[in-house]
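Containing mmCIF, C-alpha atoms: work.cif.
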```cif
data_my_file
loop_
_atom_site.label_atom_id
_atom_site.label_comp_id
_atom_site.auth_asym_id
_atom_site.auth_seq_id
_atom_site.Cartn_x
_atom_site.Cartn_y
_atom_site.Cartn_z
CA MET L 1 47.09 -154.95 -60.20
CA LYS L 2 43.55 -154.34 -61.31
CA LEU L 3 42.99 -152.08 -58.30
CA LYS L 4 46.09 -150.06 -59.15
CA VAL L 5 44.88 -149.48 -62.71
CA ILE L 6 41.46 -148.40 -61.48
CA GLY L 7 43.13 -146.17 -58.91
CA ALA L 8 45.38 -144.58 -61.51
CA ILE L 9 42.43 -143.94 -63.82
CA ALA L 10 40.48 -142.38 -60.94
CA VAL L 11 43.36 -140.06 -60.07
CA LEU L 12 43.74 -139.11 -63.72
CA LEU L 13 40.02 -138.28 -63.98
CA ILE L 14 40.20 -136.09 -60.88
CA VAL L 15 43.23 -134.25 -62.23
CA ILE L 16 41.53 -133.68 -65.59
CA GLY L 17 38.38 -132.59 -63.82
CA ALA L 18 40.23 -130.14 -61.62
CA SER L 19 42.15 -128.66 -64.49
CA CYS L 20 39.00 -128.27 -66.56
CA GLN L 21 38.96 -124.51 -66.36
CA SER L 22 38.43 -122.41 -69.40
CA ASP L 23 41.48 -120.87 -71.04
CA ASP L 24 40.21 -117.44 -70.04
CA GLN L 25 40.07 -118.38 -66.39
CA ILE L 26 43.57 -119.82 -66.51
CA GLU L 27 44.89 -116.72 -68.24
CA PHE L 28 43.20 -114.51 -65.65
CA LYS L 29 44.77 -116.45 -62.80
CA ARG L 30 48.20 -116.34 -64.42
CA TYR L 31 47.97 -112.58 -64.96
CA TYR L 32 46.55 -111.98 -61.50
CA SER L 33 49.15 -113.93 -59.54
CA ALA L 34 52.09 -112.60 -61.58
CA GLY L 35 50.54 -109.13 -61.27
CA SER L 36 50.52 -109.31 -57.49
CA LEU L 37 54.31 -109.72 -57.56
CA VAL L 38 54.74 -106.76 -59.92
CA TYR L 39 52.49 -104.78 -57.59
CA GLN L 40 54.61 -105.61 -54.55
CA GLN L 41 57.78 -104.54 -56.33
CA HIS L 42 56.60 -101.44 -58.14
CA CYS L 43 53.46 -100.06 -56.51
CA GLN L 44 52.94 -101.25 -52.97
CA ASN L 45 55.34 -98.89 -51.19
CA CYS L 46 53.24 -95.92 -52.20
CA HIS L 47 49.76 -97.31 -52.79
CA GLY L 48 49.83 -99.72 -49.86
CA ASP L 49 49.23 -103.45 -49.41
CA LYS L 50 45.49 -102.90 -49.44
CA GLY L 51 45.54 -100.23 -52.15
CA GLN L 52 44.75 -97.70 -49.43
CA GLY L 53 47.10 -94.94 -50.65
CA LEU L 54 48.37 -92.37 -48.15
CA SER L 55 46.11 -89.60 -46.84
CA SER L 56 45.89 -86.84 -49.48
CA LEU L 57 49.37 -87.53 -50.82
CA ILE L 58 48.90 -90.79 -52.68
CA PRO L 59 45.53 -91.82 -54.13
CA PRO L 60 43.96 -95.14 -53.15
CA LEU L 61 43.30 -97.80 -55.78
CA THR L 62 39.91 -98.64 -54.34
CA ASP L 63 37.82 -96.25 -56.43
CA SER L 64 36.27 -98.68 -58.93
CA THR L 65 34.44 -95.92 -60.77
CA TYR L 66 37.64 -93.98 -61.37
CA LEU L 67 39.40 -97.11 -62.63
CA LYS L 68 36.51 -97.99 -64.97
CA ASN L 69 36.30 -94.46 -66.37
CA ASN L 70 40.05 -94.38 -66.98
CA LYS L 71 40.49 -97.99 -68.07
CA THR L 72 42.10 -97.16 -71.41
CA VAL L 73 44.65 -94.73 -69.96
CA LEU L 74 45.77 -96.74 -66.91
CA ALA L 75 48.61 -98.31 -68.93
CA CYS L 76 49.81 -94.82 -69.91
CA PHE L 77 49.75 -93.72 -66.25
CA ILE L 78 52.15 -96.51 -65.37
CA LYS L 79 54.46 -96.09 -68.35
CA ASN L 80 54.63 -92.28 -68.40
CA GLY L 81 53.78 -91.37 -64.84
CA LEU L 82 51.01 -88.99 -63.83
CA LYS L 83 51.05 -85.26 -63.13
CA GLY L 84 48.37 -82.71 -62.35
CA LYS L 85 45.12 -82.73 -60.45
CA ILE L 86 42.98 -85.85 -60.28
CA THR L 87 39.96 -86.66 -58.14
CA VAL L 88 39.88 -90.14 -56.67
CA ALA L 89 37.46 -91.40 -54.05
CA GLY L 90 36.15 -87.87 -53.53
CA LYS L 91 39.56 -86.37 -52.78
CA THR L 92 41.81 -84.19 -54.92
CA PHE L 93 45.37 -85.31 -55.49
CA ASP L 94 48.02 -83.09 -57.02
CA ASP L 95 51.33 -84.87 -56.59
CA GLN L 96 53.39 -86.60 -59.17
CA MET L 97 53.59 -90.31 -59.83
CA GLN L 98 56.90 -91.38 -61.30
CA ALA L 99 57.05 -93.05 -64.69
CA ASP L 100 57.85 -96.76 -64.54
CA ASP L 101 58.97 -98.09 -67.87
CA ILE L 102 58.10 -101.75 -67.42
CA ALA L 103 57.24 -104.16 -70.25
CA PRO L 104 53.68 -104.08 -71.65
CA LEU L 105 53.12 -107.63 -70.41
CA GLU L 106 54.06 -106.56 -66.89
CA ILE L 107 51.66 -103.63 -67.19
CA ALA L 108 48.87 -105.98 -68.28
CA LYS L 109 49.54 -108.28 -65.34
CA VAL L 110 49.71 -105.56 -62.72
CA LEU L 111 46.60 -103.84 -64.08
CA THR L 112 44.75 -107.15 -63.97
CA TYR L 113 45.82 -107.46 -60.35
CA VAL L 114 44.86 -103.92 -59.36
CA THR L 115 41.55 -103.84 -61.20
CA ASN L 116 40.52 -107.14 -59.57
CA SER L 117 41.73 -106.45 -56.03
CA PHE L 118 40.81 -103.95 -53.32
CA GLY L 119 37.10 -104.34 -54.14
CA ASN L 120 37.52 -103.88 -57.90
CA LYS L 121 36.28 -106.43 -60.41
CA MET L 122 37.09 -105.61 -64.02
CA GLY L 123 38.32 -108.93 -65.42
CA THR L 124 41.54 -109.55 -67.34
CA ILE L 125 43.36 -106.63 -68.89
CA THR L 126 45.17 -108.34 -71.74
CA LEU L 127 48.53 -107.65 -73.34
CA GLN L 128 46.65 -106.81 -76.56
CA GLN L 129 44.61 -104.12 -74.78
CA VAL L 130 47.69 -102.65 -73.11
CA GLN L 131 49.55 -102.48 -76.43
CA ASN L 132 46.62 -100.67 -78.04
CA ASP L 133 46.25 -98.27 -75.12
CA LEU L 134 49.97 -97.47 -75.11
CA LYS L 135 49.74 -96.38 -78.78
CA ASN L 136 47.21 -93.72 -77.80
CA CYS L 137 49.06 -92.23 -74.82
CA LYS L 138 48.96 -88.46 -74.75
CA MET Y 139 91.54 -113.77 -29.94
CA ARG Y 140 90.32 -110.23 -29.41
CA ASN Y 141 87.34 -110.89 -31.65
CA LEU Y 142 86.52 -113.96 -29.63
CA TRP Y 143 86.40 -111.90 -26.45
CA ILE Y 144 84.19 -109.29 -28.08
CA GLY Y 145 81.95 -112.10 -29.27
CA ILE Y 146 81.71 -113.58 -25.78
CA ILE Y 147 80.93 -110.17 -24.31
CA ILE Y 148 78.22 -109.50 -26.86
CA LEU Y 149 76.69 -112.92 -26.27
CA THR Y 150 76.77 -112.39 -22.51
CA LEU Y 151 75.11 -109.01 -22.84
CA PHE Y 152 72.55 -110.42 -25.21
CA ASN Y 153 71.64 -113.18 -22.77
CA ALA Y 154 71.62 -110.75 -19.88
CA CYS Y 155 69.07 -108.66 -21.72
CA LYS Y 156 66.95 -111.65 -22.54
CA SER Y 157 66.65 -112.81 -18.96
CA ASN Y 158 65.41 -109.40 -17.82
CA THR Y 159 61.76 -109.21 -17.02
CA LYS Y 160 60.31 -106.68 -19.39
CA THR Y 161 59.51 -103.68 -17.24
CA ALA Y 162 62.14 -101.38 -18.72
CA LEU Y 163 63.52 -100.87 -22.20
CA PRO Y 164 67.23 -101.35 -22.84
CA ILE Y 165 69.48 -98.32 -23.24
CA LEU Y 166 71.26 -98.39 -26.57
CA GLY Y 167 74.29 -96.61 -27.98
CA TYR Y 168 77.88 -96.34 -26.84
CA LYS Y 169 78.59 -96.49 -23.14
CA THR Y 170 81.48 -94.81 -21.34
CA PRO Y 171 82.46 -95.51 -17.76
CA VAL Y 172 82.82 -92.26 -15.85
CA THR Y 173 84.62 -92.02 -12.54
CA LYS Y 174 83.41 -89.22 -10.30
CA THR Y 175 83.95 -88.20 -6.74
CA VAL Y 176 80.67 -88.01 -4.89
CA ASN Y 177 80.71 -87.04 -1.20
CA GLY Y 178 84.37 -87.91 -0.94
CA LYS Y 179 83.88 -91.36 -2.43
CA THR Y 180 85.05 -92.43 -5.86
CA VAL Y 181 82.11 -93.76 -7.88
CA THR Y 182 82.25 -95.31 -11.33
CA ASP Y 183 79.10 -94.81 -13.33
CA THR Y 184 78.08 -95.67 -16.86
CA GLU Y 185 77.30 -92.77 -19.13
CA TYR Y 186 75.14 -93.55 -22.13
CA ALA Y 187 75.30 -91.85 -25.49
CA THR Y 188 72.84 -88.99 -25.81
CA ILE Y 189 71.59 -86.93 -28.74
CA PRO Y 190 73.81 -83.81 -28.93
CA PRO Y 191 72.44 -80.25 -29.18
CA PHE Y 192 70.98 -79.28 -32.56
CA LYS Y 193 69.06 -76.54 -34.32
CA PHE Y 194 66.55 -77.10 -37.09
CA VAL Y 195 63.39 -75.45 -38.43
CA ASN Y 196 60.01 -77.17 -38.50
CA GLN Y 197 57.15 -76.99 -41.01
CA TYR Y 198 55.77 -73.88 -39.28
CA ALA Y 199 59.18 -72.16 -39.67
CA ASP Y 200 59.68 -72.39 -35.89
CA THR Y 201 63.19 -73.01 -34.65
CA ILE Y 202 63.49 -76.40 -32.99
CA THR Y 203 66.45 -77.25 -30.75
CA GLU Y 204 67.19 -80.03 -28.31
CA LYS Y 205 65.54 -77.80 -25.69
CA SER Y 206 62.22 -78.04 -27.56
CA LEU Y 207 62.33 -81.74 -26.71
CA ASP Y 208 63.20 -81.36 -23.02
CA GLY Y 209 60.88 -83.47 -20.92
CA LYS Y 210 59.56 -85.28 -23.97
CA ILE Y 211 59.83 -88.82 -25.23
CA TYR Y 212 60.22 -88.72 -28.99
CA VAL Y 213 60.60 -90.79 -32.12
CA ALA Y 214 62.93 -89.70 -34.94
CA ASP Y 215 63.24 -90.74 -38.55
CA PHE Y 216 64.83 -89.56 -41.81
CA PHE Y 217 62.91 -89.08 -45.05
CA PHE Y 218 62.31 -86.78 -48.00
CA THR Y 219 58.97 -85.76 -49.51
CA THR Y 220 59.67 -86.97 -53.05
CA CYS Y 221 60.91 -90.36 -51.87
CA PRO Y 222 59.38 -93.00 -54.10
CA SER Y 223 60.57 -96.03 -52.19
CA ILE Y 224 60.27 -96.59 -48.46
CA CYS Y 225 59.08 -93.21 -47.14
CA PRO Y 226 55.38 -93.60 -47.96
CA VAL Y 227 55.39 -96.93 -46.11
CA MET Y 228 57.25 -95.41 -43.19
CA HIS Y 229 54.88 -92.50 -42.84
CA ARG Y 230 51.79 -94.65 -43.34
CA ASN Y 231 53.05 -96.60 -40.33
CA MET Y 232 54.16 -93.48 -38.44
CA LEU Y 233 50.61 -92.12 -38.78
CA ASN Y 234 49.55 -94.92 -36.42
CA VAL Y 235 52.10 -93.71 -33.85
CA TYR Y 236 50.87 -90.13 -34.37
CA LYS Y 237 47.22 -91.10 -33.90
CA GLU Y 238 48.03 -93.03 -30.73
CA PHE Y 239 49.91 -90.19 -28.99
CA LYS Y 240 48.77 -86.96 -30.60
CA ASP Y 241 47.04 -85.74 -27.45
CA ASP Y 242 50.14 -86.29 -25.31
CA ASN Y 243 52.07 -83.03 -24.97
CA ASN Y 244 55.09 -84.92 -23.62
CA PHE Y 245 55.50 -86.87 -26.83
CA ARG Y 246 56.88 -85.78 -30.22
CA ILE Y 247 57.74 -87.22 -33.60
CA ILE Y 248 60.53 -85.58 -35.59
CA SER Y 249 61.17 -86.37 -39.24
CA HIS Y 250 64.37 -84.93 -40.67
CA THR Y 251 64.39 -84.28 -44.40
CA ILE Y 252 67.60 -85.43 -46.05
CA ASP Y 253 66.80 -83.36 -49.17
CA PRO Y 254 66.70 -79.79 -47.78
CA LYS Y 255 67.20 -78.27 -51.22
CA TYR Y 256 63.79 -79.47 -52.43
CA ASP Y 257 62.06 -79.91 -49.09
CA THR Y 258 61.86 -76.26 -48.08
CA VAL Y 259 59.65 -75.18 -45.18
CA PRO Y 260 56.59 -74.52 -47.42
CA VAL Y 261 57.08 -77.93 -49.09
CA LEU Y 262 57.20 -79.58 -45.66
CA LYS Y 263 54.07 -77.68 -44.57
CA ARG Y 264 52.21 -78.81 -47.65
CA TYR Y 265 53.36 -82.39 -47.06
CA ALA Y 266 52.18 -82.22 -43.45
CA ASP Y 267 48.78 -80.88 -44.51
CA LYS Y 268 48.36 -83.55 -47.14
CA LEU Y 269 49.51 -86.25 -44.75
CA GLY Y 270 46.76 -85.04 -42.45
CA ILE Y 271 48.88 -84.01 -39.48
CA ALA Y 272 48.33 -80.81 -37.51
CA GLY Y 273 49.48 -79.23 -34.26
CA ASN Y 274 52.88 -79.82 -32.71
CA THR Y 275 53.00 -83.58 -32.22
CA TRP Y 276 54.87 -84.28 -35.44
CA TRP Y 277 57.57 -81.91 -36.65
CA LEU Y 278 59.10 -82.14 -40.09
CA LEU Y 279 62.58 -80.68 -39.72
CA HIS Y 280 64.56 -78.72 -42.27
CA GLY Y 281 68.24 -77.90 -41.82
CA GLU Y 282 71.63 -77.73 -43.43
CA LYS Y 283 72.41 -81.01 -45.12
CA GLY Y 284 75.63 -81.37 -43.11
CA ASP Y 285 73.78 -80.85 -39.82
CA THR Y 286 71.15 -83.43 -40.72
CA TYR Y 287 73.69 -85.99 -41.85
CA LYS Y 288 75.71 -85.39 -38.69
CA ILE Y 289 72.75 -85.79 -36.34
CA ALA Y 290 71.76 -88.96 -38.22
CA LYS Y 291 74.91 -90.59 -36.87
CA SER Y 292 73.82 -89.86 -33.31
CA TYR Y 293 70.66 -91.83 -34.07
CA LEU Y 294 72.89 -94.61 -35.51
CA GLN Y 295 71.34 -93.95 -38.90
CA SER Y 296 73.00 -94.12 -42.26
CA VAL Y 297 72.04 -91.49 -44.80
CA SER Y 298 73.99 -90.44 -47.85
CA GLU Y 299 74.05 -88.22 -50.91
CA LYS Y 300 72.15 -89.02 -54.09
CA ASN Y 301 73.54 -92.01 -55.93
CA PRO Y 302 74.12 -91.85 -59.72
CA LYS Y 303 70.48 -92.83 -60.29
CA GLY Y 304 69.39 -89.71 -58.42
CA GLU Y 305 68.14 -91.64 -55.42
CA TYR Y 306 68.90 -91.00 -51.79
CA ILE Y 307 69.86 -94.07 -49.82
CA HIS Y 308 68.77 -93.97 -46.23
CA ASP Y 309 67.73 -96.26 -43.41
CA GLY Y 310 64.06 -96.62 -42.67
CA PHE Y 311 64.32 -96.92 -38.91
CA PHE Y 312 62.24 -95.20 -36.27
CA ILE Y 313 64.42 -94.31 -33.27
CA LEU Y 314 62.93 -94.02 -29.79
CA ILE Y 315 64.55 -91.40 -27.53
CA ASP Y 316 63.79 -90.94 -23.85
CA LYS Y 317 63.58 -87.76 -21.75
CA GLN Y 318 67.30 -88.04 -20.95
CA LYS Y 319 67.91 -88.02 -24.73
CA ARG Y 320 69.17 -91.61 -24.69
CA LEU Y 321 68.44 -94.17 -27.40
CA ARG Y 322 65.90 -96.70 -26.17
CA GLY Y 323 64.88 -98.58 -29.31
CA THR Y 324 65.17 -98.86 -33.07
CA TYR Y 325 62.31 -100.14 -35.20
CA GLU Y 326 62.08 -100.98 -38.89
CA GLY Y 327 59.67 -98.26 -40.01
CA THR Y 328 58.51 -100.20 -43.04
CA ASP Y 329 57.29 -103.16 -40.98
CA PRO Y 330 53.83 -102.69 -39.42
CA ALA Y 331 54.58 -105.33 -36.74
CA GLU Y 332 57.70 -103.45 -35.60
CA VAL Y 333 55.73 -100.22 -35.48
CA THR Y 334 53.09 -101.89 -33.32
CA LYS Y 335 55.94 -102.91 -31.02
CA LEU Y 336 57.17 -99.30 -31.01
CA ILE Y 337 53.76 -98.10 -29.83
CA ALA Y 338 53.81 -100.69 -27.03
CA ASP Y 339 57.39 -99.75 -26.10
CA ILE Y 340 56.50 -96.04 -25.89
CA LYS Y 341 53.83 -96.97 -23.33
CA THR Y 342 56.38 -99.07 -21.40
CA LEU Y 343 58.88 -96.23 -21.51
CA LYS Y 344 56.35 -93.65 -20.33
CA ALA Y 345 55.73 -95.80 -17.25
CA GLU Y 346 59.41 -96.05 -16.24
CA PRO Y 347 60.07 -94.23 -12.94
CA ASP Y 348 62.90 -92.04 -14.27
CA GLN Y 349 60.71 -90.98 -17.20
CA ILE Y 350 57.83 -90.02 -14.93
CA ALA Y 351 60.27 -88.10 -12.70
CA ALA Y 352 62.06 -86.29 -15.55
CA LYS Y 353 60.84 -82.89 -16.65
#
```

Is it possible to express this structure as structure tokens?
Amino acid sequence: MKLKVIGAIAVLLIVIGASCQSDDQIEFKRYYSAGSLVYQQHCQNCHGDKGQGLSSLIPPLTDSTYLKNNKTVLACFIKNGLKGKITVAGKTFDDQMQADDIAPLEIAKVLTYVTNSFGNKMGTITLQQVQNDLKNCK
Amino acid sequence: MRNLWIGIIILTLFNACKSNTKTALPILGYKTPVTKTVNGKTVTDTEYATIPPFKFVNQYADTITEKSLDGKIYVADFFFTTCPSICPVMHRNMLNVYKEFKDDNNFRIISHTIDPKYDTVPVLKRYADKLGIAGNTWWLLHGEKGDTYKIAKSYLQSVSEKNPKGEYIHDGFFILIDKQKRLRGTYEGTDPAEVTKLIADIKTLKAEPDQIAAK
């Protein structure tokens, strides 16, 4: 009996210890894993499973500098699509990306996934940020 | 009862194929027994479905017919340049096939556009350039919609008009055709593993005696 109690307490301590991540970390992981599913459904066909894009037709998502410089308009790109010339990873792209009117929370999740995959590391892109950015879309 | 027999036949064929040692690819498509008289003897032979004659225009505005593919093993697929769904995946995978065989003048890839209204010859040329393909290994073919949809059936492919959402529904298969214009394999073009198998199968096919002999 005594052993069982000690055992139960030990297990409990391990569980608490393991779950002792900060709220931020937990939120990041939630966004990131949900975002990977959104990515598979909405982005992967064109941008590829490794964010590699397709030749000069579809830009890769591996250009961290481009993503950082355009951080506040990425949400608008998804919601409204993208037209016109852009330069990504040293190449010019001039095709159209279709608009994808998904919920702001989905945008936040998928952006968190993209900006922390394929060699990018930009941290969580929160719902709050996405909502603000969407207000300022051109 | 009839269905049962068909089922048994299919199962038998399936098992027959499985037990074959893999030196030759199967021949797909409808088969018709043909009885001929050769040297005074009556011989029954099996005739396999072949791709019928056609006439399309490629990205260089050159006319391409079935004769352009004489003596060539080729892979066919159906796409359109503004396709947001499976086409980019298909052509990302097809690029691997292209890279593997682009120096082989007896090999071709043909991609039929199912949206000829938008995908004019200049649009196809631009797509080819941006995809990074050059030369004559990979032709993007433009033609009358009816002709394209008709030839799709010969490749056992299903393509159709735009649905109410403005999307074209089409299969994403790569079809392998031999020098006798017979169907030798179908591969899910969106699956990298299947496309790797296609590349291996092309090598197997190239080594078959009646492919080496054919011109």

Please report as CSV every residue of chain Y lying within 8 Å of chain L, along with the nearest atom pair and their distance in Å (one decimal), using only C-alpha atoms.
```
residue,atom,partner,partner_atom,distance
Y:Pro222,CA,L:Cys46,CA,7.1
Y:Ser223,CA,L:Asn45,CA,6.0
Y:Ile224,CA,L:Asn45,CA,6.1
Y:Cys225,CA,L:Asn45,CA,7.9
Y:Pro226,CA,L:Cys46,CA,5.3
Y:Val227,CA,L:Asn45,CA,5.4
Y:Arg230,CA,L:Leu54,CA,6.3
Y:Tyr265,CA,L:Leu57,CA,7.5
Y:Lys268,CA,L:Ser56,CA,4.7
Y:Leu269,CA,L:Ser55,CA,5.2
Y:Gly270,CA,L:Ser55,CA,6.4
```

Atom-to-atom span, atom CA of Pro254 of chain Y and atom CA of Asn196 of chain Y, Å: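 These two atoms are separated by 11.7 Å.
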
Evaluate the PyMOL selection byres ((chain L and resi 73) around 10) and report residues as a PyMOL selection string: chain L and resi 67+69-72+74-78+130+133-134+136-138

From Y:Ile144, Y:Ala351, Y:Leu279, Y:Ala272, residue lying nearest Asp215 of chain Y [all atoms listed in the file]: Y:Leu279

Separation of atom CA of Ser298 of chain Y from atom CA of Glu326 of chain Y in Å: 18.3 Å

Contacts of segment 234-237 of chain Y within 10 Å, all atoms listed in the file, excl. fewer than 5 positions in-chain, as a PyMOL selection string: chain Y and resi 213+229+242+245-247+271+275-276+330+333-334+336-338+340

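Going from atom CA of Gly35 of chain L over to atom CA of Thr65 of chain L, you cover 20.8 Å.
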
Contact residues around segment 111-115 of chain L with only C-alpha atoms at 7 Å, ignoring same-chain residues under 2 positions, as an NGL selection string: :L and (31-32 or 35-36 or 107-109 or 117 or 120-125)

Who sits within 6 Å of Ala99 of chain L, all atoms listed in the file, same chain under 2 positions skipped, as a list of chain:residue names: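 The residues satisfying every condition are L:Lys79, L:Asn80, L:Gly81.
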
Selected residues written out, C-alpha atoms, as an mmCIF file, in the frame of the given file:
```
data_model
loop_
_atom_site.group_PDB
_atom_site.id
_atom_site.type_symbol
_atom_site.label_atom_id
_atom_site.label_comp_id
_atom_site.auth_asym_id
_atom_site.auth_seq_id
_atom_site.Cartn_x
_atom_site.Cartn_y
_atom_site.Cartn_z
ATOM 1 C CA LYS L 79 54.460 -96.090 -68.350
ATOM 2 C CA ASN L 80 54.630 -92.280 -68.400
ATOM 3 C CA GLY L 81 53.780 -91.370 -64.840
#
```

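Nearest to Thr251 of chain Y of all the residues Y:Lys291, Y:Lys205, Y:His308, Y:Lys169 is Y:His308, counting all atoms listed in the file.
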
Residues in the PyMOL selection byres ((chain Y and resi 164-168) around 6), expressed as a VMD selection string: chain Y and resid 163 169 187 321 to 322

Option closest in space to Ile248 of chain Y, from Y:Lys344, Y:Lys288, Y:Lys210, Y:Arg320 [counting only C-alpha atoms]: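 The closest residue to Ile248 of chain Y is Y:Lys210.
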
Quick one: apply the PyMOL selection byres ((chain Y and resi 214) around 10) to the file and drop the selected residues here as a PDB file with C-alpha atoms, in the frame of the given file.
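File written: part36.pdb
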```pdb
ATOM      1  CA  TYR Y 212      60.220 -88.720 -28.990  1.00  0.00           C
ATOM      2  CA  VAL Y 213      60.600 -90.790 -32.120  1.00  0.00           C
ATOM      3  CA  ASP Y 215      63.240 -90.740 -38.550  1.00  0.00           C
ATOM      4  CA  PHE Y 216      64.830 -89.560 -41.810  1.00  0.00           C
ATOM      5  CA  ARG Y 246      56.880 -85.780 -30.220  1.00  0.00           C
ATOM      6  CA  ILE Y 247      57.740 -87.220 -33.600  1.00  0.00           C
ATOM      7  CA  ILE Y 248      60.530 -85.580 -35.590  1.00  0.00           C
ATOM      8  CA  SER Y 249      61.170 -86.370 -39.240  1.00  0.00           C
ATOM      9  CA  HIS Y 250      64.370 -84.930 -40.670  1.00  0.00           C
ATOM     10  CA  TRP Y 276      54.870 -84.280 -35.440  1.00  0.00           C
ATOM     11  CA  TRP Y 277      57.570 -81.910 -36.650  1.00  0.00           C
ATOM     12  CA  LEU Y 278      59.100 -82.140 -40.090  1.00  0.00           C
ATOM     13  CA  ALA Y 290      71.760 -88.960 -38.220  1.00  0.00           C
ATOM     14  CA  TYR Y 293      70.660 -91.830 -34.070  1.00  0.00           C
ATOM     15  CA  PHE Y 311      64.320 -96.920 -38.910  1.00  0.00           C
ATOM     16  CA  PHE Y 312      62.240 -95.200 -36.270  1.00  0.00           C
ATOM     17  CA  ILE Y 313      64.420 -94.310 -33.270  1.00  0.00           C
ATOM     18  CA  LEU Y 314      62.930 -94.020 -29.790  1.00  0.00           C
ATOM     19  CA  ILE Y 315      64.550 -91.400 -27.530  1.00  0.00           C
ATOM     20  CA  THR Y 324      65.170 -98.860 -33.070  1.00  0.00           C
TER      21      THR Y 324
END
```

Provide an axis-aligned box for all listed atoms of segment 211-222 of chain Y, padding each side by 5 Å; report its centre and its edge lengths in Å to one decimal, as lines of an AutoDock Vina configuration file.
```
center_x = 61.9
center_y = -89.4
center_z = -39.7
size_x = 15.9
size_y = 17.2
size_z = 38.9
```

Distance query Asp285 of chain Y at most 9 Å, all atoms listed in the file, self and fewer than 3 positions along chain excluded, as a ChimeraX atom specification: /Y:192-194,281-282,288-290

Non-local contacts of Lys91 of chain L (9 Å; all atoms listed in the file; under 4 positions in same chain excluded) as a ChimeraX atom specification: /L:56,59,86-87
